Amino acid sequence: MKKNIIRIVLTVVIAFLVFYITLPAINIHSLGFWAFLFFIFFVFWITGILDFHVNNRIRVDKKMFYALLGVGGVFLILMIINIINSPIFNAKSYYKRISIEEDTNFLEDVKQVNFDSLPLLDKESSQKLGDRVMGGMKELVSQFEVSDLYTQINYKNEIVRVTPLEYANALKWFTNHKEGTKGYITVNSVDGEAKLVKLEKGMKYIPSALFNENLYRYLRFKYPTEIFGQENFELDNEGNPYWIIPTIKYTGIGLKREISGAIILNPATGKSKKYDVSDIPTWVDHVYSPNLIIEQVDDWGQYKNGFFNSIFSQKNVVSTTEGYNYLLMDDDVYLYTGITSVNNDESNLGFILTNMRTKETNFYSIAGAEEY
């Protein structure tokens with residue numbers, strides 16, 4: 001009895017430590033959740049399956065052996081569930097992951113481009129400008145560093161990249177966490193103007209913070225069942241910083257991801273609110289990640305005529321081209337990328353425009369050269 005209590009206590013302690021570090025969502029659709037459960041079972045099993053006697057012989061606990069077989073059975077069931085929900089049997093549902101309007105008129109839908117407002121600086125260039133600004137702030141550069149996020153947003157009708165200051169290291173967190181990081185950097189993507197905006201109240205909940213002030217840990221304990229997407233750092237219309245964290249839902253275990261909503265968190269106060277995907281405030285620019293949009297558009301182009309057609313005859317199968325960029329229209333940020341035949345004939349059939357907040361997507365059938 002005493003030995004079993006020790007095993008249970010040891011397993012619970014290890015489980016808490018692993019959870020505190022890895023922060024899996026307590027959600028049956030999350031692959032991380034099942035990996036966490038299997039790991040905890042393995043810890044409990046490994047502490048009990050070997051029973052050393054005085055003569056050093058090893059006896060296998062049959063109950064734990066059968067339990068191990070049961071875990072293998074659960075793993076097999078999860079694999080079967082995912083196979084059933086894969087494109088092999090559900091190609092149409094993958095095709096319908098994103099609704100794309102094809103009856104469009106480019107000249108009516110898209111206003112003439114103002115070439116003075118096109119984003120000319122990429123992320124790498126923005127990072128260099130941001131580092132240069134930070135290097136001139138002697139009172140801050142020894143304590144903080146610039147995050148490499150550089151989210152591209154529409155701020156006061158200008159295309160800018162914005163990124164927060166982070167703690168330079170763990171020691172700097174201990175000496176500065178009571179006041180938080182001092183501000184954020186904006187880089188105008190058109191003219192390259194870079195600014196450091198200092199805040200009256202520092203930001204405490206950021207990725208480089210430790211313990212319960214760490215952004216991911218703070219979110220996990222506040223929303224234990226939510227599966228989080230890639231966080232974005234944005235500004236509201238008054239210049240106040242916020243974290244935008246999309247929440248994800250899956251079909252099966254980690255399949256066919258979709259955005260269910262977003263959590264908006266104030267990094268200075270820790271106050272947050274979860275919004276359904278249809279109720280997200282209009283000042284937010286990034287809810288859907290570029291990778292998710294391109295993944296769904298590729299499924300739309302691949303599975304229209306079924307799974308086997310996508311592999312063999314490939315009739316009407318198209319895919320996105322390599323590379324994408326952003327466009328500012330009507331106070332929103334749009335992703336655009338080309339659509340090309342899978343035959344790799346180095347030509348575009350057209351392109352898509354996707355609203356990064358609502359996922360509203362239009363396809364424009366305009367032939368052109370491969371855009372990369």
# chains A, B, ... in the order shown; residues from 1 in each chain; ligands from 1

call {"tool": "select_by_dssp", "arguments": {"residues": "segment 182-275 of chain A", "states": "alpha helix (DSSP H)", "output": "PyMOL selection string"}}
result
chain A and resi 215-222

call {"tool": "residues_around", "arguments": {"residues": "segment 101-111 of chain A", "least_positions_apart": "5", "cutoff": "9 Å", "atoms": "only C-alpha atoms", "output": "NGL selection string"}}
result
:A and (329 or 360-366)

call {"tool": "residues_around", "arguments": {"residues": "Ile280 of chain A", "least_positions_apart": "6", "cutoff": "12 Å", "atoms": "only C-alpha atoms", "output": "PyMOL selection string"}}
result
chain A and resi 244-246+259-264+273-274+286-288+356-358

call {"tool": "write_last_selection", "arguments": {"atoms": "N, CA and C atoms", "output": "PDB file, in the first residue's frame"}}
result
ATOM      1  N   ILE A 244      -3.182  39.135 -29.694  1.00  0.00           N
ATOM      2  CA  ILE A 244      -4.303  38.480 -30.362  1.00  0.00           C
ATOM      3  C   ILE A 244      -3.932  37.011 -30.496  1.00  0.00           C
ATOM      4  N   ILE A 245      -4.665  36.156 -29.795  1.00  0.00           N
ATOM      5  CA  ILE A 245      -4.354  34.726 -29.798  1.00  0.00           C
ATOM      6  C   ILE A 245      -5.530  33.959 -30.393  1.00  0.00           C
ATOM      7  N   PRO A 246      -5.415  33.475 -31.619  1.00  0.00           N
ATOM      8  CA  PRO A 246      -6.503  32.680 -32.211  1.00  0.00           C
ATOM      9  C   PRO A 246      -6.697  31.377 -31.431  1.00  0.00           C
ATOM     10  N   ILE A 259     -10.193  28.072 -37.221  1.00  0.00           N
ATOM     11  CA  ILE A 259     -10.230  29.086 -36.178  1.00  0.00           C
ATOM     12  C   ILE A 259     -11.641  29.154 -35.593  1.00  0.00           C
ATOM     13  N   SER A 260     -11.734  29.041 -34.267  1.00  0.00           N
ATOM     14  CA  SER A 260     -13.037  29.123 -33.603  1.00  0.00           C
ATOM     15  C   SER A 260     -13.285  30.501 -33.009  1.00  0.00           C
ATOM     16  N   GLY A 261     -12.244  31.270 -32.819  1.00  0.00           N
ATOM     17  CA  GLY A 261     -12.377  32.593 -32.220  1.00  0.00           C
ATOM     18  C   GLY A 261     -11.011  33.165 -31.925  1.00  0.00           C
ATOM     19  N   ALA A 262     -10.964  34.141 -31.033  1.00  0.00           N
ATOM     20  CA  ALA A 262      -9.682  34.736 -30.665  1.00  0.00           C
ATOM     21  C   ALA A 262      -9.774  35.302 -29.258  1.00  0.00           C
ATOM     22  N   ILE A 263      -8.656  35.231 -28.546  1.00  0.00           N
ATOM     23  CA  ILE A 263      -8.535  35.840 -27.226  1.00  0.00           C
ATOM     24  C   ILE A 263      -7.741  37.131 -27.386  1.00  0.00           C
ATOM     25  N   ILE A 264      -8.274  38.213 -26.865  1.00  0.00           N
ATOM     26  CA  ILE A 264      -7.576  39.496 -26.892  1.00  0.00           C
ATOM     27  C   ILE A 264      -7.124  39.802 -25.471  1.00  0.00           C
ATOM     28  N   LYS A 273     -10.320  38.682 -23.019  1.00  0.00           N
ATOM     29  CA  LYS A 273     -11.679  38.313 -23.384  1.00  0.00           C
ATOM     30  C   LYS A 273     -11.624  37.440 -24.621  1.00  0.00           C
ATOM     31  N   LYS A 274     -12.432  36.382 -24.610  1.00  0.00           N
ATOM     32  CA  LYS A 274     -12.501  35.492 -25.766  1.00  0.00           C
ATOM     33  C   LYS A 274     -13.687  35.887 -26.634  1.00  0.00           C
ATOM     34  N   HIS A 286      -5.141  40.492 -37.700  1.00  0.00           N
ATOM     35  CA  HIS A 286      -4.669  39.119 -37.923  1.00  0.00           C
ATOM     36  C   HIS A 286      -5.358  38.146 -36.970  1.00  0.00           C
ATOM     37  N   VAL A 287      -6.240  37.341 -37.548  1.00  0.00           N
ATOM     38  CA  VAL A 287      -6.860  36.228 -36.813  1.00  0.00           C
ATOM     39  C   VAL A 287      -6.441  34.918 -37.474  1.00  0.00           C
ATOM     40  N   TYR A 288      -6.474  34.915 -38.795  1.00  0.00           N
ATOM     41  CA  TYR A 288      -6.059  33.734 -39.567  1.00  0.00           C
ATOM     42  C   TYR A 288      -4.600  33.903 -39.979  1.00  0.00           C
ATOM     43  N   MET A 356      -7.645  38.855 -43.600  1.00  0.00           N
ATOM     44  CA  MET A 356      -6.970  38.126 -42.534  1.00  0.00           C
ATOM     45  C   MET A 356      -7.752  38.119 -41.222  1.00  0.00           C
ATOM     46  N   ARG A 357      -8.824  38.904 -41.149  1.00  0.00           N
ATOM     47  CA  ARG A 357      -9.658  38.899 -39.947  1.00  0.00           C
ATOM     48  C   ARG A 357     -10.898  38.035 -40.118  1.00  0.00           C
ATOM     49  N   THR A 358     -11.514  38.071 -41.298  1.00  0.00           N
ATOM     50  CA  THR A 358     -12.789  37.370 -41.509  1.00  0.00           C
ATOM     51  C   THR A 358     -12.667  36.095 -42.344  1.00  0.00           C
TER      52      THR A 358
END

call {"tool": "residues_around", "arguments": {"residues": "Lys96 of chain A", "least_positions_apart": "6", "cutoff": "10 Å", "atoms": "only C-alpha atoms", "output": "JSON, numbers by chain"}}
result
{"A": [296, 297, 299, 300, 303, 304]}

call {"tool": "write_last_selection", "arguments": {"atoms": "N, CA, C and O atoms", "output": "short mmCIF file (atom, residue, chain, number, x, y, z; two decimals), in the first residue's frame"}}
result
data_model
loop_
_atom_site.label_atom_id
_atom_site.label_comp_id
_atom_site.auth_asym_id
_atom_site.auth_seq_id
_atom_site.Cartn_x
_atom_site.Cartn_y
_atom_site.Cartn_z
N GLN A 296 -5.57 25.88 -46.46
CA GLN A 296 -6.98 25.66 -46.81
C GLN A 296 -7.23 25.92 -48.29
O GLN A 296 -8.02 25.21 -48.92
N VAL A 297 -6.56 26.93 -48.85
CA VAL A 297 -6.72 27.19 -50.29
C VAL A 297 -6.15 26.03 -51.10
O VAL A 297 -6.72 25.63 -52.12
N ASP A 299 -6.11 22.92 -50.16
CA ASP A 299 -7.11 21.84 -50.08
C ASP A 299 -8.27 22.11 -51.02
O ASP A 299 -8.80 21.20 -51.68
N TRP A 300 -8.68 23.37 -51.11
CA TRP A 300 -9.75 23.77 -52.04
C TRP A 300 -9.35 23.45 -53.48
O TRP A 300 -10.15 22.97 -54.27
N TYR A 303 -8.82 19.06 -53.78
CA TYR A 303 -9.80 18.00 -53.53
C TYR A 303 -11.18 18.26 -54.13
O TYR A 303 -12.15 17.61 -53.75
N LYS A 304 -11.28 19.19 -55.06
CA LYS A 304 -12.57 19.52 -55.65
C LYS A 304 -13.21 18.30 -56.31
O LYS A 304 -14.42 18.07 -56.21
#

call {"tool": "select_by_dssp", "arguments": {"residues": "segment 133-240 of chain A", "states": "strand (DSSP E)", "output": "ChimeraX atom specification"}}
result
/A:144-146,151-155,158-167,181-188,194-203,227-228,232-235

call {"tool": "closest_residue", "arguments": {"among": "A:Leu235, A:Ile40, A:Ala209, A:Val187", "to": "Lys156 of chain A", "atoms": "only C-alpha atoms"}}
result
A:Leu235

call {"tool": "residues_around", "arguments": {"residues": "Leu10 of chain A", "least_positions_apart": "6", "cutoff": "10 Å", "atoms": "only C-alpha atoms", "output": "list in words"}}
result
Asn4, Val43, Phe44 and Thr47 of chain A

call {"tool": "write_last_selection", "arguments": {"atoms": "C-alpha atoms", "output": "PDB file, in the first residue's frame"}}
result
ATOM      1  CA  ASN A   4       1.517   2.397  -4.348  1.00  0.00           C
ATOM      2  CA  VAL A  43       5.823   7.232 -15.804  1.00  0.00           C
ATOM      3  CA  PHE A  44       3.316   5.348 -13.646  1.00  0.00           C
ATOM      4  CA  THR A  47       7.695   2.885 -11.592  1.00  0.00           C
TER       5      THR A  47
END

call {"tool": "residues_around", "arguments": {"residues": "Asn305 of chain A", "least_positions_apart": "6", "cutoff": "12 Å", "atoms": "only C-alpha atoms", "output": "MDAnalysis selection string"}}
result
chainID A and resid 87 90:96 299 311:318
